[in-house]
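File shown here: target26.cif, holding mmCIF, C-alpha atoms.
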data_input
#
loop_
_atom_site.group_PDB
_atom_site.id
_atom_site.type_symbol
_atom_site.label_atom_id
_atom_site.label_comp_id
_atom_site.auth_asym_id
_atom_site.auth_seq_id
_atom_site.Cartn_x
_atom_site.Cartn_y
_atom_site.Cartn_z
ATOM 1 C CA MET A 1 83.307 85.420 127.616
ATOM 2 C CA ASN A 2 86.633 83.628 127.100
ATOM 3 C CA THR A 3 89.300 85.677 125.275
ATOM 4 C CA ALA A 4 89.700 83.025 122.567
ATOM 5 C CA LEU A 5 85.959 83.129 121.919
ATOM 6 C CA VAL A 6 86.042 86.943 121.735
ATOM 7 C CA PHE A 7 88.831 86.715 119.135
ATOM 8 C CA ALA A 8 86.930 84.109 117.097
ATOM 9 C CA ALA A 9 83.697 86.121 117.181
ATOM 10 C CA ALA A 10 85.539 89.338 116.264
ATOM 11 C CA LEU A 11 87.244 87.608 113.335
ATOM 12 C CA ALA A 12 83.950 86.247 112.013
ATOM 13 C CA LEU A 13 82.329 89.680 112.322
ATOM 14 C CA ALA A 14 85.309 91.405 110.682
ATOM 15 C CA TRP A 15 84.987 89.016 107.740
ATOM 16 C CA LEU A 16 81.294 89.832 107.396
ATOM 17 C CA ILE A 17 82.121 93.549 107.479
ATOM 18 C CA ASP A 18 84.667 93.044 104.704
ATOM 19 C CA ARG A 19 82.202 91.067 102.588
ATOM 20 C CA ARG A 20 79.505 93.714 103.015
ATOM 21 C CA PHE A 21 81.428 96.989 102.960
ATOM 22 C CA GLY A 22 84.939 96.335 101.661
ATOM 23 C CA GLU A 23 87.634 98.870 102.488
ATOM 24 C CA PRO A 24 87.048 102.134 104.370
ATOM 25 C CA ARG A 25 87.838 105.349 102.533
ATOM 26 C CA ASP A 26 91.445 106.512 102.622
ATOM 27 C CA ALA A 27 90.597 109.236 105.122
ATOM 28 C CA TRP A 28 89.529 106.487 107.554
ATOM 29 C CA HIS A 29 91.981 103.751 106.622
ATOM 30 C CA PRO A 30 94.859 103.076 109.060
ATOM 31 C CA VAL A 31 97.152 102.019 106.204
ATOM 32 C CA ALA A 32 96.651 105.441 104.613
ATOM 33 C CA TRP A 33 97.407 107.062 107.964
ATOM 34 C CA LEU A 34 100.582 105.007 108.200
ATOM 35 C CA GLY A 35 101.646 106.086 104.720
ATOM 36 C CA HIS A 36 101.133 109.767 105.533
ATOM 37 C CA THR A 37 102.955 109.413 108.851
ATOM 38 C CA ILE A 38 106.115 107.903 107.392
ATOM 39 C CA MET A 39 106.229 110.107 104.278
ATOM 40 C CA PRO A 40 109.028 112.330 105.683
ATOM 41 C CA LEU A 41 111.139 109.184 106.154
ATOM 42 C CA HIS A 42 110.156 107.998 102.688
ATOM 43 C CA ARG A 43 111.528 111.180 101.163
ATOM 44 C CA ARG A 44 114.839 111.202 103.046
ATOM 45 C CA LEU A 45 115.969 107.585 103.416
ATOM 46 C CA PRO A 46 116.990 106.813 99.812
ATOM 47 C CA ASN A 47 119.123 109.972 99.642
ATOM 48 C CA LEU A 48 121.543 108.755 102.325
ATOM 49 C CA ALA A 49 124.890 107.089 101.676
ATOM 50 C CA PRO A 50 124.607 103.263 101.434
ATOM 51 C CA ARG A 51 125.759 102.377 104.943
ATOM 52 C CA ALA A 52 123.801 105.188 106.572
ATOM 53 C CA ALA A 53 120.742 104.253 104.484
ATOM 54 C CA LEU A 54 120.936 100.622 105.624
ATOM 55 C CA VAL A 55 121.189 101.596 109.304
ATOM 56 C CA ALA A 56 118.540 104.287 109.078
ATOM 57 C CA GLY A 57 116.175 102.058 107.068
ATOM 58 C CA THR A 58 116.557 99.259 109.602
ATOM 59 C CA LEU A 59 115.958 101.541 112.590
ATOM 60 C CA ALA A 60 113.000 103.151 110.843
ATOM 61 C CA TRP A 61 111.486 99.719 110.182
ATOM 62 C CA TRP A 62 111.759 98.747 113.839
ATOM 63 C CA ALA A 63 110.319 102.072 114.970
ATOM 64 C CA VAL A 64 107.344 101.903 112.604
ATOM 65 C CA VAL A 65 106.503 98.219 113.048
ATOM 66 C CA GLY A 66 107.160 98.319 116.786
ATOM 67 C CA GLY A 67 105.064 101.456 117.155
ATOM 68 C CA VAL A 68 102.151 99.961 115.216
ATOM 69 C CA ALA A 69 102.309 96.738 117.241
ATOM 70 C CA ALA A 70 102.443 98.681 120.519
ATOM 71 C CA LEU A 71 99.438 100.790 119.583
ATOM 72 C CA ALA A 72 97.500 97.679 118.554
ATOM 73 C CA TRP A 73 98.446 95.946 121.815
ATOM 74 C CA GLY A 74 97.229 98.919 123.850
ATOM 75 C CA LEU A 75 93.965 99.028 121.905
ATOM 76 C CA GLN A 76 93.437 95.279 122.229
ATOM 77 C CA THR A 77 94.110 95.387 125.970
ATOM 78 C CA ALA A 78 91.600 98.177 126.394
ATOM 79 C CA LEU A 79 88.950 96.417 124.307
ATOM 80 C CA LEU A 80 89.342 93.113 126.125
ATOM 81 C CA GLY A 81 88.591 94.944 129.351
ATOM 82 C CA LEU A 82 85.134 95.860 128.061
ATOM 83 C CA PRO A 83 81.984 93.714 128.296
ATOM 84 C CA HIS A 84 81.977 91.126 125.503
ATOM 85 C CA TRP A 85 78.995 92.750 123.749
ATOM 86 C CA ALA A 86 81.175 95.833 123.221
ATOM 87 C CA ALA A 87 84.576 94.128 122.868
ATOM 88 C CA VAL A 88 83.583 91.887 119.938
ATOM 89 C CA PRO A 89 82.291 94.556 117.515
ATOM 90 C CA LEU A 90 85.012 97.067 118.394
ATOM 91 C CA LEU A 91 87.749 94.476 117.999
ATOM 92 C CA ALA A 92 86.190 93.443 114.670
ATOM 93 C CA LEU A 93 86.276 97.053 113.459
ATOM 94 C CA ALA A 94 89.921 97.330 114.496
ATOM 95 C CA LEU A 95 90.836 94.031 112.826
ATOM 96 C CA LYS A 96 88.997 94.537 109.536
ATOM 97 C CA PRO A 97 91.445 96.996 107.880
ATOM 98 C CA SER A 98 94.306 94.511 108.340
ATOM 99 C CA PHE A 99 92.924 92.287 105.558
ATOM 100 C CA ALA A 100 91.181 93.010 102.258
ATOM 101 C CA TRP A 101 89.557 90.084 100.472
ATOM 102 C CA ARG A 102 86.604 91.920 98.930
ATOM 103 C CA MET A 103 88.737 94.696 97.443
ATOM 104 C CA LEU A 104 91.167 92.181 95.934
ATOM 105 C CA ARG A 105 88.342 90.094 94.504
ATOM 106 C CA ASP A 106 86.493 93.114 93.112
ATOM 107 C CA GLU A 107 89.573 94.652 91.484
ATOM 108 C CA VAL A 108 90.486 91.415 89.700
ATOM 109 C CA ALA A 109 86.870 90.862 88.656
ATOM 110 C CA ALA A 110 86.856 94.415 87.266
ATOM 111 C CA VAL A 111 89.706 93.500 84.892
ATOM 112 C CA ASP A 112 87.659 90.595 83.614
ATOM 113 C CA ALA A 113 84.598 92.825 83.224
ATOM 114 C CA ALA A 114 86.656 95.470 81.416
ATOM 115 C CA PHE A 115 87.660 92.936 78.758
ATOM 116 C CA MET A 116 84.005 92.328 77.955
ATOM 117 C CA ALA A 117 82.954 95.977 78.125
ATOM 118 C CA GLY A 118 85.839 97.770 76.431
ATOM 119 C CA GLY A 119 88.345 95.224 75.198
ATOM 120 C CA LEU A 120 92.098 95.232 75.816
ATOM 121 C CA PRO A 121 92.600 99.006 76.408
ATOM 122 C CA ALA A 122 89.921 99.034 79.117
ATOM 123 C CA ALA A 123 91.390 95.937 80.776
ATOM 124 C CA GLN A 124 94.869 97.485 80.721
ATOM 125 C CA GLN A 125 93.573 100.567 82.516
ATOM 126 C CA ARG A 126 91.856 98.487 85.207
ATOM 127 C CA LEU A 127 95.016 96.459 85.672
ATOM 128 C CA ARG A 128 96.875 99.630 86.707
ATOM 129 C CA ASN A 129 95.081 99.402 90.059
ATOM 130 C CA LEU A 130 96.626 95.988 90.710
ATOM 131 C CA CYS A 131 100.274 96.170 89.659
ATOM 132 C CA SER A 132 103.197 98.435 88.824
ATOM 133 C CA ARG A 133 104.012 96.877 85.437
ATOM 134 C CA ASP A 134 103.909 98.860 82.198
ATOM 135 C CA VAL A 135 100.435 97.609 81.315
ATOM 136 C CA GLU A 136 100.324 99.250 77.896
ATOM 137 C CA ARG A 137 102.997 96.822 76.713
ATOM 138 C CA LEU A 138 100.931 93.792 77.716
ATOM 139 C CA ASP A 139 98.742 91.906 75.270
ATOM 140 C CA ALA A 140 95.437 90.290 76.267
ATOM 141 C CA ARG A 141 97.063 87.059 77.413
ATOM 142 C CA GLU A 142 99.654 88.913 79.504
ATOM 143 C CA VAL A 143 96.966 91.110 81.077
ATOM 144 C CA ARG A 144 95.073 88.012 82.182
ATOM 145 C CA GLU A 145 98.266 86.369 83.446
ATOM 146 C CA THR A 146 99.235 89.468 85.442
ATOM 147 C CA ALA A 147 95.783 89.757 87.001
ATOM 148 C CA ILE A 148 95.824 86.080 88.006
ATOM 149 C CA GLU A 149 99.342 86.351 89.443
ATOM 150 C CA THR A 150 98.360 89.441 91.438
ATOM 151 C CA LEU A 151 95.267 87.675 92.736
ATOM 152 C CA ALA A 152 97.293 84.675 93.914
ATOM 153 C CA GLU A 153 100.171 86.629 95.457
ATOM 154 C CA ASN A 154 97.922 89.135 97.203
ATOM 155 C CA LEU A 155 95.729 86.370 98.555
ATOM 156 C CA ASN A 156 98.739 85.785 100.796
ATOM 157 C CA ASP A 157 99.669 89.405 101.504
ATOM 158 C CA SER A 158 96.140 90.708 102.014
ATOM 159 C CA VAL A 159 94.247 87.731 103.441
ATOM 160 C CA VAL A 160 96.166 84.670 104.632
ATOM 161 C CA ALA A 161 99.167 86.415 106.212
ATOM 162 C CA PRO A 162 97.171 88.921 108.305
ATOM 163 C CA LEU A 163 94.836 86.140 109.473
ATOM 164 C CA PHE A 164 97.851 83.961 110.313
ATOM 165 C CA TRP A 165 99.510 86.673 112.373
ATOM 166 C CA PHE A 166 96.212 87.492 114.069
ATOM 167 C CA CYS A 167 96.071 83.877 115.198
ATOM 168 C CA VAL A 168 99.681 84.013 116.404
ATOM 169 C CA ALA A 169 99.650 87.378 118.163
ATOM 170 C CA GLY A 170 96.157 88.861 118.083
ATOM 171 C CA LEU A 171 95.517 92.394 116.849
ATOM 172 C CA PRO A 172 99.207 93.400 117.271
ATOM 173 C CA GLY A 173 100.213 90.518 115.012
ATOM 174 C CA ALA A 174 97.713 91.418 112.285
ATOM 175 C CA TRP A 175 98.623 95.068 112.313
ATOM 176 C CA ALA A 176 102.359 94.451 112.557
ATOM 177 C CA TRP A 177 102.075 92.344 109.393
ATOM 178 C CA ARG A 178 100.148 95.124 107.661
ATOM 179 C CA ALA A 179 102.928 97.570 108.570
ATOM 180 C CA VAL A 180 105.622 95.110 107.402
ATOM 181 C CA ASN A 181 103.878 94.573 104.069
ATOM 182 C CA THR A 182 103.257 98.302 103.605
ATOM 183 C CA LEU A 183 106.914 99.144 104.228
ATOM 184 C CA ASP A 184 107.974 96.461 101.770
ATOM 185 C CA ALA A 185 105.621 97.951 99.163
ATOM 186 C CA MET A 186 107.059 101.420 99.764
ATOM 187 C CA TRP A 187 110.728 100.681 100.417
ATOM 188 C CA GLY A 188 111.529 97.130 99.318
ATOM 189 C CA TYR A 189 112.994 97.916 95.903
ATOM 190 C CA ARG A 190 116.323 97.849 94.146
ATOM 191 C CA GLY A 191 117.884 100.921 92.561
ATOM 192 C CA ARG A 192 117.785 104.005 94.773
ATOM 193 C CA TRP A 193 116.075 101.997 97.563
ATOM 194 C CA GLU A 194 118.647 99.174 97.457
ATOM 195 C CA TRP A 195 120.109 99.941 100.880
ATOM 196 C CA ALA A 196 117.407 101.919 102.672
ATOM 197 C CA GLY A 197 114.811 99.281 101.867
ATOM 198 C CA LYS A 198 116.916 96.152 102.267
ATOM 199 C CA TRP A 199 115.738 95.341 105.798
ATOM 200 C CA SER A 200 112.096 95.973 104.873
ATOM 201 C CA ALA A 201 112.321 93.605 101.917
ATOM 202 C CA ARG A 202 114.046 90.843 103.903
ATOM 203 C CA ALA A 203 111.689 91.187 106.862
ATOM 204 C CA ASP A 204 108.693 90.828 104.554
ATOM 205 C CA ASP A 205 110.265 87.677 103.076
ATOM 206 C CA VAL A 206 110.876 86.158 106.509
ATOM 207 C CA LEU A 207 107.519 87.011 108.085
ATOM 208 C CA GLY A 208 105.635 86.023 104.932
ATOM 209 C CA TRP A 209 107.516 82.728 104.446
ATOM 210 C CA LEU A 210 105.088 80.396 106.224
ATOM 211 C CA PRO A 211 101.866 82.236 105.240
ATOM 212 C CA ALA A 212 102.892 82.085 101.556
ATOM 213 C CA ARG A 213 103.198 78.318 101.729
ATOM 214 C CA LEU A 214 99.931 78.036 103.615
ATOM 215 C CA THR A 215 98.310 80.124 100.878
ATOM 216 C CA ALA A 216 99.636 77.701 98.270
ATOM 217 C CA LEU A 217 98.096 74.818 100.218
ATOM 218 C CA MET A 218 94.764 76.670 100.292
ATOM 219 C CA LEU A 219 94.876 76.820 96.481
ATOM 220 C CA TRP A 220 96.186 73.301 95.993
ATOM 221 C CA ARG A 221 94.702 69.856 95.608
ATOM 222 C CA PRO A 222 96.720 67.134 97.378
ATOM 223 C CA SER A 223 95.871 64.732 94.558
ATOM 224 C CA LEU A 224 98.127 66.802 92.278
ATOM 225 C CA GLY A 225 101.171 66.022 94.420
ATOM 226 C CA PHE A 226 103.497 68.542 96.037
ATOM 227 C CA ALA A 227 106.678 68.066 93.994
ATOM 228 C CA PRO A 228 105.360 70.034 90.980
ATOM 229 C CA LEU A 229 104.331 72.898 93.266
ATOM 230 C CA ALA A 230 107.777 73.195 94.853
ATOM 231 C CA HIS A 231 109.390 73.011 91.402
ATOM 232 C CA GLU A 232 107.284 75.889 90.047
ATOM 233 C CA ALA A 233 107.663 78.006 93.199
ATOM 234 C CA ALA A 234 111.460 77.940 92.801
ATOM 235 C CA ARG A 235 111.242 79.614 89.389
ATOM 236 C CA THR A 236 110.508 83.110 90.728
ATOM 237 C CA PRO A 237 113.071 85.510 92.231
ATOM 238 C CA SER A 238 110.827 85.967 95.270
ATOM 239 C CA PRO A 239 111.195 83.277 97.956
ATOM 240 C CA ASN A 240 107.464 83.546 98.665
ATOM 241 C CA GLY A 241 105.560 84.830 95.644
ATOM 242 C CA GLY A 242 106.160 81.725 93.567
ATOM 243 C CA TRP A 243 104.225 79.506 95.972
ATOM 244 C CA PRO A 244 100.711 80.935 95.592
ATOM 245 C CA MET A 245 101.330 81.884 91.949
ATOM 246 C CA GLY A 246 102.698 78.442 91.110
ATOM 247 C CA ALA A 247 99.775 76.770 92.867
ATOM 248 C CA MET A 248 97.317 78.877 90.903
ATOM 249 C CA ALA A 249 99.064 78.197 87.573
ATOM 250 C CA LEU A 250 99.059 74.447 88.119
ATOM 251 C CA ARG A 251 95.511 74.383 89.488
ATOM 252 C CA LEU A 252 94.214 76.298 86.469
ATOM 253 C CA GLY A 253 96.426 74.382 84.055
ATOM 254 C CA VAL A 254 97.678 77.619 82.453
ATOM 255 C CA ARG A 255 100.983 79.378 81.934
ATOM 256 C CA LEU A 256 101.699 82.423 84.067
ATOM 257 C CA GLY A 257 104.727 84.638 83.865
ATOM 258 C CA LYS A 258 106.473 87.976 83.934
ATOM 259 C CA PRO A 259 108.139 88.703 80.588
ATOM 260 C CA GLY A 260 111.885 88.219 80.804
ATOM 261 C CA VAL A 261 111.784 87.141 84.462
ATOM 262 C CA TYR A 262 109.985 83.800 84.934
ATOM 263 C CA THR A 263 107.409 81.444 83.477
ATOM 264 C CA LEU A 264 105.275 79.185 85.662
ATOM 265 C CA ASN A 265 103.773 75.955 84.352
ATOM 266 C CA GLU A 266 105.462 76.574 81.001
ATOM 267 C CA HIS A 267 103.741 73.585 79.387
ATOM 268 C CA GLY A 268 100.287 74.737 80.455
ATOM 269 C CA ALA A 269 97.628 76.204 78.201
ATOM 270 C CA GLU A 270 97.312 79.902 77.404
ATOM 271 C CA ALA A 271 95.228 81.902 79.878
ATOM 272 C CA ASP A 272 91.974 82.132 77.893
ATOM 273 C CA THR A 273 88.848 84.215 78.423
ATOM 274 C CA THR A 274 87.615 81.927 81.218
ATOM 275 C CA ALA A 275 90.869 81.824 83.199
ATOM 276 C CA LEU A 276 90.265 84.929 85.315
ATOM 277 C CA ALA A 277 86.787 83.832 86.338
ATOM 278 C CA ARG A 278 88.064 80.380 87.267
ATOM 279 C CA ALA A 279 90.941 81.905 89.230
ATOM 280 C CA LEU A 280 88.492 84.027 91.226
ATOM 281 C CA VAL A 281 86.501 80.933 92.170
ATOM 282 C CA ILE A 282 89.645 79.106 93.315
ATOM 283 C CA ALA A 283 90.905 82.151 95.236
ATOM 284 C CA GLY A 284 87.498 82.514 96.882
ATOM 285 C CA GLN A 285 87.710 78.925 98.051
ATOM 286 C CA GLY A 286 91.208 79.601 99.368
ATOM 287 C CA ALA A 287 90.104 82.723 101.230
ATOM 288 C CA GLY A 288 87.214 80.810 102.765
ATOM 289 C CA GLY A 289 89.576 78.026 103.770
ATOM 290 C CA ALA A 290 91.888 80.544 105.421
ATOM 291 C CA LEU A 291 88.996 81.994 107.426
ATOM 292 C CA VAL A 292 87.844 78.549 108.568
ATOM 293 C CA ALA A 293 91.400 77.598 109.551
ATOM 294 C CA ALA A 294 91.828 80.809 111.537
ATOM 295 C CA LEU A 295 88.523 80.303 113.348
ATOM 296 C CA LEU A 296 89.407 76.711 114.174
ATOM 297 C CA TRP A 297 92.784 77.881 115.491
ATOM 298 C CA ARG A 298 91.097 80.351 117.827
ATOM 299 C CA LEU A 299 88.468 77.837 118.924
ATOM 300 C CA ALA A 300 91.201 75.282 119.609
ATOM 301 C CA GLU A 301 92.683 77.790 122.043
ATOM 302 C CA LEU A 302 89.309 77.800 123.772
ATOM 303 C CA ALA A 303 89.468 74.016 124.165
ATOM 304 C CA TRP A 304 92.887 74.307 125.830
ATOM 305 C CA THR A 305 91.400 76.458 128.600
ATOM 306 C CA PHE A 306 89.088 73.648 129.765
#

Take the structure in this file and express it as structure tokens.
Amino acid sequence: MNTALVFAAALALAWLIDRRFGEPRDAWHPVAWLGHTIMPLHRRLPNLAPRAALVAGTLAWWAVVGGVAALAWGLQTALLGLPHWAAVPLLALALKPSFAWRMLRDEVAAVDAAFMAGGLPAAQQRLRNLCSRDVERLDAREVRETAIETLAENLNDSVVAPLFWFCVAGLPGAWAWRAVNTLDAMWGYRGRWEWAGKWSARADDVLGWLPARLTALMLWRPSLGFAPLAHEAARTPSPNGGWPMGAMALRLGVRLGKPGVYTLNEHGAEADTTALARALVIAGQGAGGALVAALLWRLAELAWTF
């Protein structure tokens, strides 16, 4: 079986595994293993002097991301040497943990369900699983806005970007992105991580630049025009986050924002009780579009071999 066809079949199977089973338990999840492995670095890096922290954080990033990519390359090489009936399912199992559509969808849907079951306090507690904001300070509208923003932004980080890098560089690309995004989530902050995490934050911005804009296109309707999307995307401090969030705000016709930081689609309607459900439908369409695009990319590679 052609390598491109093996990749396409493995991707389709990995997606089915995600839809059916979601994420593996932490004890079996490679991202959890990565977090445990780098914990000694996590404890020491922010305690260094600024210049030493910048150098050490940069070297640590290269070691971690390079090591993950090398391991994934070795695994992929070994799997591609197997008969296709074994290579496809094993490659699918290796690829699956690099993306997480079902978990993202279920966690956002749980916020919506919590509103109906237990009101605002229950929804605030569910939202804790999705963001690092002080959820107890958020009213019902802000809880919905935050959940929708998280859904849109993580559609890029957890679905589109890993699929994009899988298309570009196979399993090493998908897993390198997962390592990059994990290091940004752990180290890419201001304050005590300002210097140690600077490279991690910038690398995540650079490697997520194109996928973020592709995610926005997956959420967008060309009939709405692209100028409004670019205008809204520029409102956020992040060079990438504003694209999927702005697309979602405009597509839904609602305001989204982070208090004191930015407001997207400021003339839109308030995020009402139907907004989260509608956002999940749109994000589901975007995730499906990303899968189809990735499969077509891999099948196009097959056409080039003939």

Can you spell out as a ChimeraX atom specification the set of residues that the PyMOL selection byres ((chain A and resi 203-206) around 7) selects in the structure I just provided?
/A:180-181,184,199-202,207-209,239-240

Which residues, named as in the file, does the PyMOL selection byres ((chain A and resi 41) around 12) pick out? Answer as a ChimeraX atom specification.
/A:34-40,42-48,53,56-61,63-64,183,186-187,196-197

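Between atom CA of A:Glu145 and atom CA of A:Arg19 the interatomic distance comes to 25.4 Å.
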
Report as JSON, numbers by chain all protein, DNA and RNA residues lying within 12 Å of A:Asp139, evaluated on only C-alpha atoms, omitting residues in the same chain fewer than 2 positions from it.
{"A": [115, 119, 120, 121, 122, 123, 124, 127, 134, 135, 136, 137, 141, 142, 143, 144, 145, 146, 259, 271]}

Restricting to only C-alpha atoms, whichever of A:Thr215, A:Ala230, A:Gly225, A:Arg190 is closest to A:Leu291 is A:Thr215

For A:Arg298, list every protein, DNA or RNA residue within 9 Å, evaluated using all atoms listed in the file, and leave out those in the same chain fewer than 6 positions away; present the list as number ranges by chain.
A: 4-5, 7-8, 167

Once 4 Å is added on each side, what are the centre and the three edge lengths, in Å to one decimal, of the axis-aligned box enclosing the listed atoms of stretch 125-131 of chain A? Present them as lines of an AutoDock Vina configuration file.
center_x = 96.1
center_y = 98.3
center_z = 86.6
size_x = 16.4
size_y = 12.6
size_z = 16.2

Got a sec: who's within 10 Å of stretch 249-258 of chain A, counting all atoms listed in the file, leaving out chain neighbours fewer than 4 positions off, as a ChimeraX atom specification?
/A:133,141-142,144-149,152,219-221,224,228-229,232,235-236,242-245,262-272,275-276,278-279,282

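Taking atom CA of A:Leu295 as the reference point, atom CA of A:Val31 is found at 24.4 Å.
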
With only C-alpha atoms as the basis for distance, which of A:Lys96, A:Val168, A:Leu163, A:Thr182 is at the shortest distance from A:Val292?
A:Leu163

Write out as a tab-separated table (two decimals) with C-alpha atoms, in the coordinates of the input the residues lying within 12 Å of A:Gly22, counting all atoms listed in the file and excluding same-chain residues fewer than 5 positions away.
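Output below, filename around33.tsv:
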chain	number	residue	atom	x	y	z
A	14	ALA	CA	85.31	91.40	110.68
A	15	TRP	CA	84.99	89.02	107.74
A	16	LEU	CA	81.29	89.83	107.40
A	17	ILE	CA	82.12	93.55	107.48
A	29	HIS	CA	91.98	103.75	106.62
A	93	LEU	CA	86.28	97.05	113.46
A	96	LYS	CA	89.00	94.54	109.54
A	97	PRO	CA	91.44	97.00	107.88
A	98	SER	CA	94.31	94.51	108.34
A	99	PHE	CA	92.92	92.29	105.56
A	100	ALA	CA	91.18	93.01	102.26
A	101	TRP	CA	89.56	90.08	100.47
A	102	ARG	CA	86.60	91.92	98.93
A	103	MET	CA	88.74	94.70	97.44
A	104	LEU	CA	91.17	92.18	95.93
A	105	ARG	CA	88.34	90.09	94.50
A	106	ASP	CA	86.49	93.11	93.11
A	107	GLU	CA	89.57	94.65	91.48

So which residues touch stretch 69-79 of chain A within 10 Å, counting all atoms listed in the file, skipping near sequence neighbours fewer than 3 positions away, as a ChimeraX atom specification?
/A:63-66,82-84,86-91,94-95,169-179

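Distance-wise, atom CA of A:Gly246 and atom CA of A:Arg213 end up 10.6 Å apart.
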
Which one of A:Trp85, A:Phe226, A:Trp165, A:Trp62 sits closest to A:Trp297 if you count only C-alpha atoms?
A:Trp165

Residues selected by the PyMOL selection byres ((chain A and resi 156) around 9), written as a PyMOL selection string:
chain A and resi 151-155+157-162+208+211-216+241+244

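For the choices A:Met248, A:Val108, A:Ala277, A:Met116, the atom-to-atom distance to A:Cys131 is smallest for A:Val108 when using all atoms listed in the file.
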